[in-house]
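Chemist: Contents are mmCIF, N, CA and C atoms; chains and numbers go by the auth columns; file name final15.cif:
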```cif
data_upload
#
loop_
_atom_site.group_PDB
_atom_site.id
_atom_site.type_symbol
_atom_site.label_atom_id
_atom_site.label_comp_id
_atom_site.label_asym_id
_atom_site.label_seq_id
_atom_site.Cartn_x
_atom_site.Cartn_y
_atom_site.Cartn_z
_atom_site.B_iso_or_equiv
_atom_site.auth_seq_id
_atom_site.auth_asym_id
ATOM 1 N N MET A 1 2.691 -19.467 63.700 0.00 177 A
ATOM 2 C CA MET A 1 1.687 -19.200 62.685 0.00 177 A
ATOM 3 C C MET A 1 1.081 -17.822 62.910 0.00 177 A
ATOM 4 N N VAL A 2 0.869 -17.091 61.816 0.00 178 A
ATOM 5 C CA VAL A 2 0.297 -15.764 61.888 0.00 178 A
ATOM 6 C C VAL A 2 -1.229 -15.868 61.909 0.00 178 A
ATOM 7 N N ASP A 3 -1.867 -15.236 62.899 0.00 179 A
ATOM 8 C CA ASP A 3 -3.317 -15.261 62.979 0.00 179 A
ATOM 9 C C ASP A 3 -3.945 -14.200 62.082 0.00 179 A
ATOM 10 N N PHE A 4 -3.324 -13.022 62.032 0.00 180 A
ATOM 11 C CA PHE A 4 -3.881 -11.958 61.209 0.00 180 A
ATOM 12 C C PHE A 4 -2.774 -11.033 60.729 0.00 180 A
ATOM 13 N N VAL A 5 -3.025 -10.391 59.581 0.00 181 A
ATOM 14 C CA VAL A 5 -2.079 -9.438 59.001 0.00 181 A
ATOM 15 C C VAL A 5 -2.880 -8.296 58.369 0.00 181 A
ATOM 16 N N PRO A 6 -2.268 -7.134 58.206 0.00 182 A
ATOM 17 C CA PRO A 6 -2.932 -6.070 57.457 0.00 182 A
ATOM 18 C C PRO A 6 -3.091 -6.495 55.999 0.00 182 A
ATOM 19 N N LEU A 7 -4.190 -6.126 55.383 0.00 183 A
ATOM 20 C CA LEU A 7 -4.456 -6.477 53.996 0.00 183 A
ATOM 21 C C LEU A 7 -3.311 -6.073 53.077 0.00 183 A
ATOM 22 N N LYS A 8 -2.721 -4.920 53.309 0.00 184 A
ATOM 23 C CA LYS A 8 -1.656 -4.426 52.420 0.00 184 A
ATOM 24 C C LYS A 8 -0.398 -5.286 52.451 0.00 184 A
ATOM 25 N N LYS A 9 -0.268 -6.201 53.405 0.00 185 A
ATOM 26 C CA LYS A 9 0.891 -7.103 53.490 0.00 185 A
ATOM 27 C C LYS A 9 0.696 -8.392 52.688 0.00 185 A
ATOM 28 N N MET A 10 -0.508 -8.621 52.189 0.00 186 A
ATOM 29 C CA MET A 10 -0.778 -9.824 51.411 0.00 186 A
ATOM 30 C C MET A 10 -0.182 -9.666 50.018 0.00 186 A
ATOM 31 N N THR A 11 0.133 -10.792 49.373 0.00 187 A
ATOM 32 C CA THR A 11 0.747 -10.753 48.052 0.00 187 A
ATOM 33 C C THR A 11 -0.169 -11.398 47.009 0.00 187 A
ATOM 34 N N THR A 12 0.108 -11.079 45.762 0.00 188 A
ATOM 35 C CA THR A 12 -0.675 -11.579 44.645 0.00 188 A
ATOM 36 C C THR A 12 -0.801 -13.097 44.695 0.00 188 A
ATOM 37 N N GLY A 13 -2.034 -13.589 44.500 0.00 189 A
ATOM 38 C CA GLY A 13 -2.287 -15.023 44.480 0.00 189 A
ATOM 39 C C GLY A 13 -2.673 -15.621 45.817 0.00 189 A
ATOM 40 N N GLN A 14 -2.554 -14.877 46.894 0.00 190 A
ATOM 41 C CA GLN A 14 -2.923 -15.400 48.210 0.00 190 A
ATOM 42 C C GLN A 14 -4.429 -15.289 48.432 0.00 190 A
ATOM 43 N N PHE A 15 -4.920 -16.076 49.370 0.00 191 A
ATOM 44 C CA PHE A 15 -6.312 -16.046 49.787 0.00 191 A
ATOM 45 C C PHE A 15 -6.359 -15.695 51.259 0.00 191 A
ATOM 46 N N ALA A 16 -7.463 -15.070 51.684 0.00 192 A
ATOM 47 C CA ALA A 16 -7.589 -14.666 53.079 0.00 192 A
ATOM 48 C C ALA A 16 -9.056 -14.542 53.453 0.00 192 A
ATOM 49 N N GLU A 17 -9.283 -14.476 54.760 0.00 193 A
ATOM 50 C CA GLU A 17 -10.609 -14.203 55.290 0.00 193 A
ATOM 51 C C GLU A 17 -10.541 -12.866 56.030 0.00 193 A
ATOM 52 N N VAL A 18 -11.501 -12.008 55.753 0.00 194 A
ATOM 53 C CA VAL A 18 -11.533 -10.692 56.399 0.00 194 A
ATOM 54 C C VAL A 18 -11.912 -10.879 57.866 0.00 194 A
ATOM 55 N N LEU A 19 -11.062 -10.351 58.762 0.00 195 A
ATOM 56 C CA LEU A 19 -11.333 -10.436 60.198 0.00 195 A
ATOM 57 C C LEU A 19 -11.961 -9.158 60.721 0.00 195 A
ATOM 58 N N SER A 20 -11.480 -8.007 60.257 0.00 196 A
ATOM 59 C CA SER A 20 -12.055 -6.749 60.734 0.00 196 A
ATOM 60 C C SER A 20 -11.811 -5.624 59.747 0.00 196 A
ATOM 61 N N LEU A 21 -12.766 -4.707 59.737 0.00 197 A
ATOM 62 C CA LEU A 21 -12.677 -3.473 58.966 0.00 197 A
ATOM 63 C C LEU A 21 -12.850 -2.345 59.963 0.00 197 A
ATOM 64 N N GLU A 22 -11.881 -1.459 60.002 0.00 198 A
ATOM 65 C CA GLU A 22 -11.950 -0.337 60.925 0.00 198 A
ATOM 66 C C GLU A 22 -11.723 0.942 60.155 0.00 198 A
ATOM 67 N N GLY A 23 -12.523 1.934 60.451 0.00 199 A
ATOM 68 C CA GLY A 23 -12.366 3.210 59.782 0.00 199 A
ATOM 69 C C GLY A 23 -13.665 3.974 59.761 0.00 199 A
ATOM 70 N N ASP A 24 -13.736 4.945 58.874 0.00 200 A
ATOM 71 C CA ASP A 24 -14.924 5.768 58.723 0.00 200 A
ATOM 72 C C ASP A 24 -16.141 4.877 58.485 0.00 200 A
ATOM 73 N N ALA A 25 -17.205 5.111 59.228 0.00 201 A
ATOM 74 C CA ALA A 25 -18.397 4.261 59.146 0.00 201 A
ATOM 75 C C ALA A 25 -18.972 4.199 57.734 0.00 201 A
ATOM 76 N N SER A 26 -18.921 5.300 57.003 0.00 202 A
ATOM 77 C CA SER A 26 -19.480 5.289 55.643 0.00 202 A
ATOM 78 C C SER A 26 -18.653 4.408 54.712 0.00 202 A
ATOM 79 N N HIS A 27 -17.318 4.387 54.883 0.00 203 A
ATOM 80 C CA HIS A 27 -16.468 3.518 54.066 0.00 203 A
ATOM 81 C C HIS A 27 -16.736 2.047 54.387 0.00 203 A
ATOM 82 N N VAL A 28 -16.801 1.731 55.677 0.00 204 A
ATOM 83 C CA VAL A 28 -17.047 0.346 56.097 0.00 204 A
ATOM 84 C C VAL A 28 -18.419 -0.117 55.607 0.00 204 A
ATOM 85 N N HIS A 29 -19.417 0.749 55.708 0.00 205 A
ATOM 86 C CA HIS A 29 -20.767 0.410 55.263 0.00 205 A
ATOM 87 C C HIS A 29 -20.792 0.148 53.749 0.00 205 A
ATOM 88 N N ARG A 30 -20.150 1.012 52.986 0.00 206 A
ATOM 89 C CA ARG A 30 -20.122 0.856 51.525 0.00 206 A
ATOM 90 C C ARG A 30 -19.435 -0.443 51.120 0.00 206 A
ATOM 91 N N LEU A 31 -18.325 -0.772 51.783 0.00 207 A
ATOM 92 C CA LEU A 31 -17.647 -2.035 51.488 0.00 207 A
ATOM 93 C C LEU A 31 -18.552 -3.227 51.800 0.00 207 A
ATOM 94 N N GLY A 32 -19.310 -3.128 52.891 0.00 208 A
ATOM 95 C CA GLY A 32 -20.262 -4.179 53.234 0.00 208 A
ATOM 96 C C GLY A 32 -21.322 -4.355 52.166 0.00 208 A
ATOM 97 N N GLU A 33 -21.797 -3.242 51.582 0.00 209 A
ATOM 98 C CA GLU A 33 -22.770 -3.318 50.498 0.00 209 A
ATOM 99 C C GLU A 33 -22.205 -4.040 49.279 0.00 209 A
ATOM 100 N N LEU A 34 -20.888 -3.958 49.098 0.00 210 A
ATOM 101 C CA LEU A 34 -20.229 -4.610 47.975 0.00 210 A
ATOM 102 C C LEU A 34 -19.823 -6.052 48.285 0.00 210 A
ATOM 103 N N GLY A 35 -20.179 -6.541 49.484 0.00 211 A
ATOM 104 C CA GLY A 35 -19.871 -7.915 49.858 0.00 211 A
ATOM 105 C C GLY A 35 -18.536 -8.083 50.556 0.00 211 A
ATOM 106 N N PHE A 36 -17.909 -6.983 50.951 0.00 212 A
ATOM 107 C CA PHE A 36 -16.602 -7.030 51.617 0.00 212 A
ATOM 108 C C PHE A 36 -16.822 -6.708 53.087 0.00 212 A
ATOM 109 N N ARG A 37 -16.941 -7.787 53.889 0.00 213 A
ATOM 110 C CA ARG A 37 -17.227 -7.615 55.315 0.00 213 A
ATOM 111 C C ARG A 37 -16.567 -8.726 56.109 0.00 213 A
ATOM 112 N N GLN A 38 -16.671 -8.661 57.424 0.00 214 A
ATOM 113 C CA GLN A 38 -16.074 -9.676 58.281 0.00 214 A
ATOM 114 C C GLN A 38 -16.576 -11.055 57.866 0.00 214 A
ATOM 115 N N GLY A 39 -15.640 -11.996 57.718 0.00 215 A
ATOM 116 C CA GLY A 39 -15.968 -13.370 57.332 0.00 215 A
ATOM 117 C C GLY A 39 -15.876 -13.631 55.843 0.00 215 A
ATOM 118 N N THR A 40 -15.772 -12.583 55.035 0.00 216 A
ATOM 119 C CA THR A 40 -15.681 -12.750 53.588 0.00 216 A
ATOM 120 C C THR A 40 -14.329 -13.338 53.209 0.00 216 A
ATOM 121 N N ARG A 41 -14.344 -14.327 52.338 0.00 217 A
ATOM 122 C CA ARG A 41 -13.101 -14.891 51.813 0.00 217 A
ATOM 123 C C ARG A 41 -12.737 -14.132 50.548 0.00 217 A
ATOM 124 N N ILE A 42 -11.475 -13.773 50.435 0.00 218 A
ATOM 125 C CA ILE A 42 -11.018 -12.947 49.322 0.00 218 A
ATOM 126 C C ILE A 42 -9.801 -13.570 48.653 0.00 218 A
ATOM 127 N N GLU A 43 -9.594 -13.184 47.404 0.00 219 A
ATOM 128 C CA GLU A 43 -8.391 -13.547 46.658 0.00 219 A
ATOM 129 C C GLU A 43 -7.657 -12.255 46.333 0.00 219 A
ATOM 130 N N ILE A 44 -6.343 -12.250 46.530 0.00 220 A
ATOM 131 C CA ILE A 44 -5.542 -11.061 46.248 0.00 220 A
ATOM 132 C C ILE A 44 -5.108 -11.109 44.782 0.00 220 A
ATOM 133 N N PHE A 45 -5.590 -10.153 43.986 0.00 221 A
ATOM 134 C CA PHE A 45 -5.191 -10.047 42.583 0.00 221 A
ATOM 135 C C PHE A 45 -3.916 -9.242 42.439 0.00 221 A
ATOM 136 N N ARG A 46 -3.771 -8.218 43.237 0.00 222 A
ATOM 137 C CA ARG A 46 -2.540 -7.425 43.269 0.00 222 A
ATOM 138 C C ARG A 46 -2.326 -6.977 44.701 0.00 222 A
ATOM 139 N N GLY A 47 -1.197 -7.371 45.263 0.00 223 A
ATOM 140 C CA GLY A 47 -0.886 -7.001 46.630 0.00 223 A
ATOM 141 C C GLY A 47 -0.376 -5.575 46.725 0.00 223 A
ATOM 142 N N GLY A 48 -0.185 -5.128 47.942 0.00 224 A
ATOM 143 C CA GLY A 48 0.353 -3.796 48.169 0.00 224 A
ATOM 144 C C GLY A 48 -0.720 -2.808 48.568 0.00 224 A
ATOM 145 N N ASN A 49 -0.435 -1.550 48.310 0.00 225 A
ATOM 146 C CA ASN A 49 -1.359 -0.489 48.688 0.00 225 A
ATOM 147 C C ASN A 49 -1.325 0.606 47.632 0.00 225 A
ATOM 148 N N PRO A 50 -2.326 0.727 46.774 0.00 226 A
ATOM 149 C CA PRO A 50 -3.597 0.012 46.836 0.00 226 A
ATOM 150 C C PRO A 50 -3.472 -1.430 46.333 0.00 226 A
ATOM 151 N N CYS A 51 -4.436 -2.239 46.729 0.00 227 A
ATOM 152 C CA CYS A 51 -4.460 -3.632 46.295 0.00 227 A
ATOM 153 C C CYS A 51 -5.766 -3.888 45.548 0.00 227 A
ATOM 154 N N ILE A 52 -5.781 -4.969 44.798 0.00 228 A
ATOM 155 C CA ILE A 52 -6.995 -5.392 44.104 0.00 228 A
ATOM 156 C C ILE A 52 -7.352 -6.771 44.630 0.00 228 A
ATOM 157 N N VAL A 53 -8.600 -6.919 45.079 0.00 229 A
ATOM 158 C CA VAL A 53 -9.067 -8.194 45.631 0.00 229 A
ATOM 159 C C VAL A 53 -10.365 -8.610 44.951 0.00 229 A
ATOM 160 N N ARG A 54 -10.612 -9.919 44.964 0.00 230 A
ATOM 161 C CA ARG A 54 -11.907 -10.447 44.537 0.00 230 A
ATOM 162 C C ARG A 54 -12.644 -10.877 45.788 0.00 230 A
ATOM 163 N N ALA A 55 -13.858 -10.363 45.938 0.00 231 A
ATOM 164 C CA ALA A 55 -14.702 -10.699 47.078 0.00 231 A
ATOM 165 C C ALA A 55 -16.110 -10.961 46.573 0.00 231 A
ATOM 166 N N ARG A 56 -16.591 -12.186 46.731 0.00 232 A
ATOM 167 C CA ARG A 56 -17.952 -12.563 46.334 0.00 232 A
ATOM 168 C C ARG A 56 -18.270 -12.176 44.898 0.00 232 A
ATOM 169 N N GLY A 57 -17.326 -12.425 44.008 0.00 233 A
ATOM 170 C CA GLY A 57 -17.546 -12.163 42.591 0.00 233 A
ATOM 171 C C GLY A 57 -17.246 -10.751 42.143 0.00 233 A
ATOM 172 N N ASN A 58 -16.955 -9.852 43.060 0.00 234 A
ATOM 173 C CA ASN A 58 -16.622 -8.465 42.722 0.00 234 A
ATOM 174 C C ASN A 58 -15.127 -8.238 42.854 0.00 234 A
ATOM 175 N N LYS A 59 -14.554 -7.474 41.943 0.00 235 A
ATOM 176 C CA LYS A 59 -13.169 -7.044 42.094 0.00 235 A
ATOM 177 C C LYS A 59 -13.185 -5.638 42.668 0.00 235 A
ATOM 178 N N LEU A 60 -12.412 -5.446 43.730 0.00 236 A
ATOM 179 C CA LEU A 60 -12.348 -4.163 44.414 0.00 236 A
ATOM 180 C C LEU A 60 -10.909 -3.686 44.504 0.00 236 A
ATOM 181 N N CYS A 61 -10.717 -2.413 44.294 0.00 237 A
ATOM 182 C CA CYS A 61 -9.412 -1.797 44.494 0.00 237 A
ATOM 183 C C CYS A 61 -9.496 -1.017 45.796 0.00 237 A
ATOM 184 N N LEU A 62 -8.629 -1.346 46.752 0.00 238 A
ATOM 185 C CA LEU A 62 -8.675 -0.734 48.077 0.00 238 A
ATOM 186 C C LEU A 62 -7.347 -0.093 48.435 0.00 238 A
ATOM 187 N N ARG A 63 -7.434 1.091 49.002 0.00 239 A
ATOM 188 C CA ARG A 63 -6.262 1.749 49.572 0.00 239 A
ATOM 189 C C ARG A 63 -6.492 1.805 51.086 0.00 239 A
ATOM 190 N N THR A 64 -5.626 1.137 51.825 0.00 240 A
ATOM 191 C CA THR A 64 -5.748 1.176 53.274 0.00 240 A
ATOM 192 C C THR A 64 -4.775 2.209 53.811 0.00 240 A
ATOM 193 N N ASP A 65 -5.285 3.030 54.706 0.00 241 A
ATOM 194 C CA ASP A 65 -4.489 4.092 55.321 0.00 241 A
ATOM 195 C C ASP A 65 -5.146 4.445 56.647 0.00 241 A
ATOM 196 N N GLN A 66 -4.941 5.657 57.128 0.00 242 A
ATOM 197 C CA GLN A 66 -5.523 6.028 58.403 0.00 242 A
ATOM 198 C C GLN A 66 -7.052 6.111 58.354 0.00 242 A
ATOM 199 N N LEU A 67 -7.646 6.153 57.159 0.00 243 A
ATOM 200 C CA LEU A 67 -9.100 6.185 57.026 0.00 243 A
ATOM 201 C C LEU A 67 -9.725 4.796 56.965 0.00 243 A
ATOM 202 N N LEU A 68 -8.923 3.778 56.622 0.00 244 A
ATOM 203 C CA LEU A 68 -9.437 2.414 56.527 0.00 244 A
ATOM 204 C C LEU A 68 -8.337 1.426 56.855 0.00 244 A
ATOM 205 N N ASN A 69 -8.606 0.551 57.807 0.00 245 A
ATOM 206 C CA ASN A 69 -7.666 -0.500 58.175 0.00 245 A
ATOM 207 C C ASN A 69 -8.392 -1.838 58.068 0.00 245 A
ATOM 208 N N VAL A 70 -7.806 -2.762 57.307 0.00 246 A
ATOM 209 C CA VAL A 70 -8.408 -4.081 57.108 0.00 246 A
ATOM 210 C C VAL A 70 -7.422 -5.133 57.596 0.00 246 A
ATOM 211 N N LEU A 71 -7.883 -5.989 58.518 0.00 247 A
ATOM 212 C CA LEU A 71 -7.074 -7.113 58.985 0.00 247 A
ATOM 213 C C LEU A 71 -7.652 -8.392 58.409 0.00 247 A
ATOM 214 N N VAL A 72 -6.776 -9.278 57.932 0.00 248 A
ATOM 215 C CA VAL A 72 -7.200 -10.529 57.324 0.00 248 A
ATOM 216 C C VAL A 72 -6.426 -11.697 57.919 0.00 248 A
ATOM 217 N N LYS A 73 -6.996 -12.888 57.753 0.00 249 A
ATOM 218 C CA LYS A 73 -6.328 -14.129 58.153 0.00 249 A
ATOM 219 C C LYS A 73 -5.993 -14.903 56.883 0.00 249 A
ATOM 220 N N PRO A 74 -4.695 -15.103 56.584 0.00 250 A
ATOM 221 C CA PRO A 74 -4.325 -15.878 55.394 0.00 250 A
ATOM 222 C C PRO A 74 -4.897 -17.294 55.502 0.00 250 A
ATOM 223 N N ILE A 75 -5.375 -17.821 54.362 0.00 251 A
ATOM 224 C CA ILE A 75 -5.913 -19.179 54.317 0.00 251 A
ATOM 225 C C ILE A 75 -5.355 -19.886 53.092 0.00 251 A
ATOM 226 N N GLU A 76 -5.531 -21.187 53.048 0.00 252 A
ATOM 227 C CA GLU A 76 -5.092 -21.978 51.907 0.00 252 A
ATOM 228 C C GLU A 76 -5.964 -21.660 50.700 0.00 252 A
ATOM 229 N N ASN A 77 -5.459 -21.999 49.538 0.00 253 A
ATOM 230 C CA ASN A 77 -6.171 -21.809 48.284 0.00 253 A
ATOM 231 C C ASN A 77 -7.598 -22.352 48.382 0.00 253 A
ATOM 232 N N LEU A 78 -8.552 -21.588 47.907 0.00 254 A
ATOM 233 C CA LEU A 78 -9.966 -21.983 47.985 0.00 254 A
ATOM 234 C C LEU A 78 -10.370 -22.952 46.898 0.00 254 A
ATOM 235 N N LEU A 79 -9.544 -23.109 45.867 0.00 255 A
ATOM 236 C CA LEU A 79 -9.930 -23.951 44.727 0.00 255 A
ATOM 237 C C LEU A 79 -9.669 -25.407 44.991 0.00 255 A
#
```
If you took the structure in this file and wrote it as structure tokens, what would it be?
Modeler:
Amino acid sequence: MVDFVPLKKMTTGQFAEVLSLEGDASHVHRLGELGFRQGTRIEIFRGGNPCIVRARGNKLCLRTDQLLNVLVKPIENLL
């Protein structure tokens, strides 16, 4: 069983829990203001890089690269 994967490896329709956000402090802080932080459960609307996720009612488009790395734990459907 996989404990964690990079966000960009998730596919459309999957659900996950954010385990860590690493990168520029201002980017991590801004994502936290939008409700995207450690422990947040997300739905992948479009996988890949960039990806689109739903987090706490907000849809976010994220590009992960050397400036931002997001690790998530895949989980079963939340519905």
Chemist: With distances taken over only N, CA and C atoms, which of A:Ile228, A:Val181, A:Leu238, A:Val194 is nearest to A:Phe212?
Modeler: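 Closest to A:Phe212 of all the choices is A:Val194.
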Chemist: Rounded to one decimal in Å, what is the spacing between atom N of A:Arg206 and atom C of A:Pro226?
Modeler: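 About the pair atom N of A:Arg206 and atom C of A:Pro226: they are 18.1 Å apart.
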Chemist: Going by the chain IDs and residue numbers used in this file, which residues fall under the PyMOL selection byres (((chain A and resi 211 and name CA) around 12) and name CA)? Write them as number ranges by chain.
Modeler: A: 194, 204-210, 212-218, 229-236
Chemist: Residues near A:Val248, anyone? I mean within 8 Å using only C-alpha atoms, not counting same-chain ones fewer than 2 positions away, as a list of chain:residue names.
Modeler: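 What passes the distance filter is A:Phe180, A:Val181, A:Pro182, A:Leu183, A:Ala192, A:Glu193, A:Val194, A:Leu195, A:Ser196, A:Val246, A:Pro250.
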Chemist: Please enumerate the residues selected by the PyMOL selection byres ((chain A and resi 221) around 8) when evaluated against the supplied file, formatted as a list of chain:residue names.
Modeler: A:Thr187, A:Thr188, A:Gly189, A:Gln190, A:Ile218, A:Glu219, A:Ile220, A:Arg222, A:Gly223, A:Gly224, A:Cys227, A:Ile228, A:Val229, A:Arg230
Chemist: Provide the atom N of A:Asp241 to atom C of A:Asp200 distance in Å, to one decimal place.
Modeler: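 Between atom N of A:Asp241 and atom C of A:Asp200 the gap is 11.6 Å.
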Chemist: Please compute the atom C of A:Phe191-atom CA of A:Gln242 distance, one decimal, in Å.
Modeler: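 So the two atoms, atom C of A:Phe191 and atom CA of A:Gln242, lie 22.9 Å apart.
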Chemist: For A:Cys237, which of A:Asp179, A:Lys184, A:Asn253, A:Leu197 is the closest residue, counting only C-alpha atoms?
Modeler: A:Lys184
Chemist: Write down as a CSV table (one decimal) with N, CA and C atoms, in the frame of the given file the residues belonging to stretch 177-253 of chain A that are assigned alpha helix (DSSP H) by DSSP computed on the backbone.
Modeler:
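Contents of the output file out.csv:
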```csv
chain,number,residue,atom,x,y,z
A,201,ALA,N,-17.2,5.1,59.2
A,201,ALA,CA,-18.4,4.3,59.1
A,201,ALA,C,-19.0,4.2,57.7
A,202,SER,N,-18.9,5.3,57.0
A,202,SER,CA,-19.5,5.3,55.6
A,202,SER,C,-18.7,4.4,54.7
A,203,HIS,N,-17.3,4.4,54.9
A,203,HIS,CA,-16.5,3.5,54.1
A,203,HIS,C,-16.7,2.0,54.4
A,204,VAL,N,-16.8,1.7,55.7
A,204,VAL,CA,-17.0,0.3,56.1
A,204,VAL,C,-18.4,-0.1,55.6
A,205,HIS,N,-19.4,0.7,55.7
A,205,HIS,CA,-20.8,0.4,55.3
A,205,HIS,C,-20.8,0.1,53.7
A,206,ARG,N,-20.2,1.0,53.0
A,206,ARG,CA,-20.1,0.9,51.5
A,206,ARG,C,-19.4,-0.4,51.1
A,207,LEU,N,-18.3,-0.8,51.8
A,207,LEU,CA,-17.6,-2.0,51.5
A,207,LEU,C,-18.6,-3.2,51.8
A,208,GLY,N,-19.3,-3.1,52.9
A,208,GLY,CA,-20.3,-4.2,53.2
A,208,GLY,C,-21.3,-4.4,52.2
A,209,GLU,N,-21.8,-3.2,51.6
A,209,GLU,CA,-22.8,-3.3,50.5
A,209,GLU,C,-22.2,-4.0,49.3
```
Chemist: Give me stretch 213-229 of chain A with N, CA, C and O atoms filled in, as a PDB file, in the coordinates of the input.
Modeler:
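Wrote it out as part15.pdb, contents follow:
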```
ATOM      1  N   ARG A 213     -16.941  -7.787  53.889  1.00  0.00           N
ATOM      2  CA  ARG A 213     -17.227  -7.615  55.315  1.00  0.00           C
ATOM      3  C   ARG A 213     -16.567  -8.726  56.109  1.00  0.00           C
ATOM      4  O   ARG A 213     -15.970  -9.630  55.515  1.00  0.00           O
ATOM      5  N   GLN A 214     -16.671  -8.661  57.424  1.00  0.00           N
ATOM      6  CA  GLN A 214     -16.074  -9.676  58.281  1.00  0.00           C
ATOM      7  C   GLN A 214     -16.576 -11.055  57.866  1.00  0.00           C
ATOM      8  O   GLN A 214     -17.756 -11.258  57.631  1.00  0.00           O
ATOM      9  N   GLY A 215     -15.640 -11.996  57.718  1.00  0.00           N
ATOM     10  CA  GLY A 215     -15.968 -13.370  57.332  1.00  0.00           C
ATOM     11  C   GLY A 215     -15.876 -13.631  55.843  1.00  0.00           C
ATOM     12  O   GLY A 215     -15.907 -14.784  55.422  1.00  0.00           O
ATOM     13  N   THR A 216     -15.772 -12.583  55.035  1.00  0.00           N
ATOM     14  CA  THR A 216     -15.681 -12.750  53.588  1.00  0.00           C
ATOM     15  C   THR A 216     -14.329 -13.338  53.209  1.00  0.00           C
ATOM     16  O   THR A 216     -13.294 -12.899  53.701  1.00  0.00           O
ATOM     17  N   ARG A 217     -14.344 -14.327  52.338  1.00  0.00           N
ATOM     18  CA  ARG A 217     -13.101 -14.891  51.813  1.00  0.00           C
ATOM     19  C   ARG A 217     -12.737 -14.132  50.548  1.00  0.00           C
ATOM     20  O   ARG A 217     -13.605 -13.897  49.700  1.00  0.00           O
ATOM     21  N   ILE A 218     -11.475 -13.773  50.435  1.00  0.00           N
ATOM     22  CA  ILE A 218     -11.018 -12.947  49.322  1.00  0.00           C
ATOM     23  C   ILE A 218      -9.801 -13.570  48.653  1.00  0.00           C
ATOM     24  O   ILE A 218      -9.085 -14.370  49.246  1.00  0.00           O
ATOM     25  N   GLU A 219      -9.594 -13.184  47.404  1.00  0.00           N
ATOM     26  CA  GLU A 219      -8.391 -13.547  46.658  1.00  0.00           C
ATOM     27  C   GLU A 219      -7.657 -12.255  46.333  1.00  0.00           C
ATOM     28  O   GLU A 219      -8.279 -11.288  45.891  1.00  0.00           O
ATOM     29  N   ILE A 220      -6.343 -12.250  46.530  1.00  0.00           N
ATOM     30  CA  ILE A 220      -5.542 -11.061  46.248  1.00  0.00           C
ATOM     31  C   ILE A 220      -5.108 -11.109  44.782  1.00  0.00           C
ATOM     32  O   ILE A 220      -4.375 -12.000  44.371  1.00  0.00           O
ATOM     33  N   PHE A 221      -5.590 -10.153  43.986  1.00  0.00           N
ATOM     34  CA  PHE A 221      -5.191 -10.047  42.583  1.00  0.00           C
ATOM     35  C   PHE A 221      -3.916  -9.242  42.439  1.00  0.00           C
ATOM     36  O   PHE A 221      -3.094  -9.516  41.582  1.00  0.00           O
ATOM     37  N   ARG A 222      -3.771  -8.218  43.237  1.00  0.00           N
ATOM     38  CA  ARG A 222      -2.540  -7.425  43.269  1.00  0.00           C
ATOM     39  C   ARG A 222      -2.326  -6.977  44.701  1.00  0.00           C
ATOM     40  O   ARG A 222      -3.176  -6.319  45.294  1.00  0.00           O
ATOM     41  N   GLY A 223      -1.197  -7.371  45.263  1.00  0.00           N
ATOM     42  CA  GLY A 223      -0.886  -7.001  46.630  1.00  0.00           C
ATOM     43  C   GLY A 223      -0.376  -5.575  46.725  1.00  0.00           C
ATOM     44  O   GLY A 223      -0.170  -4.900  45.718  1.00  0.00           O
ATOM     45  N   GLY A 224      -0.185  -5.128  47.942  1.00  0.00           N
ATOM     46  CA  GLY A 224       0.353  -3.796  48.169  1.00  0.00           C
ATOM     47  C   GLY A 224      -0.720  -2.808  48.568  1.00  0.00           C
ATOM     48  O   GLY A 224      -1.765  -3.176  49.088  1.00  0.00           O
ATOM     49  N   ASN A 225      -0.435  -1.550  48.310  1.00  0.00           N
ATOM     50  CA  ASN A 225      -1.359  -0.489  48.688  1.00  0.00           C
ATOM     51  C   ASN A 225      -1.325   0.606  47.632  1.00  0.00           C
ATOM     52  O   ASN A 225      -0.317   1.297  47.544  1.00  0.00           O
ATOM     53  N   PRO A 226      -2.326   0.727  46.774  1.00  0.00           N
ATOM     54  CA  PRO A 226      -3.597   0.012  46.836  1.00  0.00           C
ATOM     55  C   PRO A 226      -3.472  -1.430  46.333  1.00  0.00           C
ATOM     56  O   PRO A 226      -2.541  -1.766  45.622  1.00  0.00           O
ATOM     57  N   CYS A 227      -4.436  -2.239  46.729  1.00  0.00           N
ATOM     58  CA  CYS A 227      -4.460  -3.632  46.295  1.00  0.00           C
ATOM     59  C   CYS A 227      -5.766  -3.888  45.548  1.00  0.00           C
ATOM     60  O   CYS A 227      -6.723  -3.125  45.667  1.00  0.00           O
ATOM     61  N   ILE A 228      -5.781  -4.969  44.798  1.00  0.00           N
ATOM     62  CA  ILE A 228      -6.995  -5.392  44.104  1.00  0.00           C
ATOM     63  C   ILE A 228      -7.352  -6.771  44.630  1.00  0.00           C
ATOM     64  O   ILE A 228      -6.518  -7.670  44.657  1.00  0.00           O
ATOM     65  N   VAL A 229      -8.600  -6.919  45.079  1.00  0.00           N
ATOM     66  CA  VAL A 229      -9.067  -8.194  45.631  1.00  0.00           C
ATOM     67  C   VAL A 229     -10.365  -8.610  44.951  1.00  0.00           C
ATOM     68  O   VAL A 229     -11.102  -7.775  44.433  1.00  0.00           O
TER      69      VAL A 229
END
```
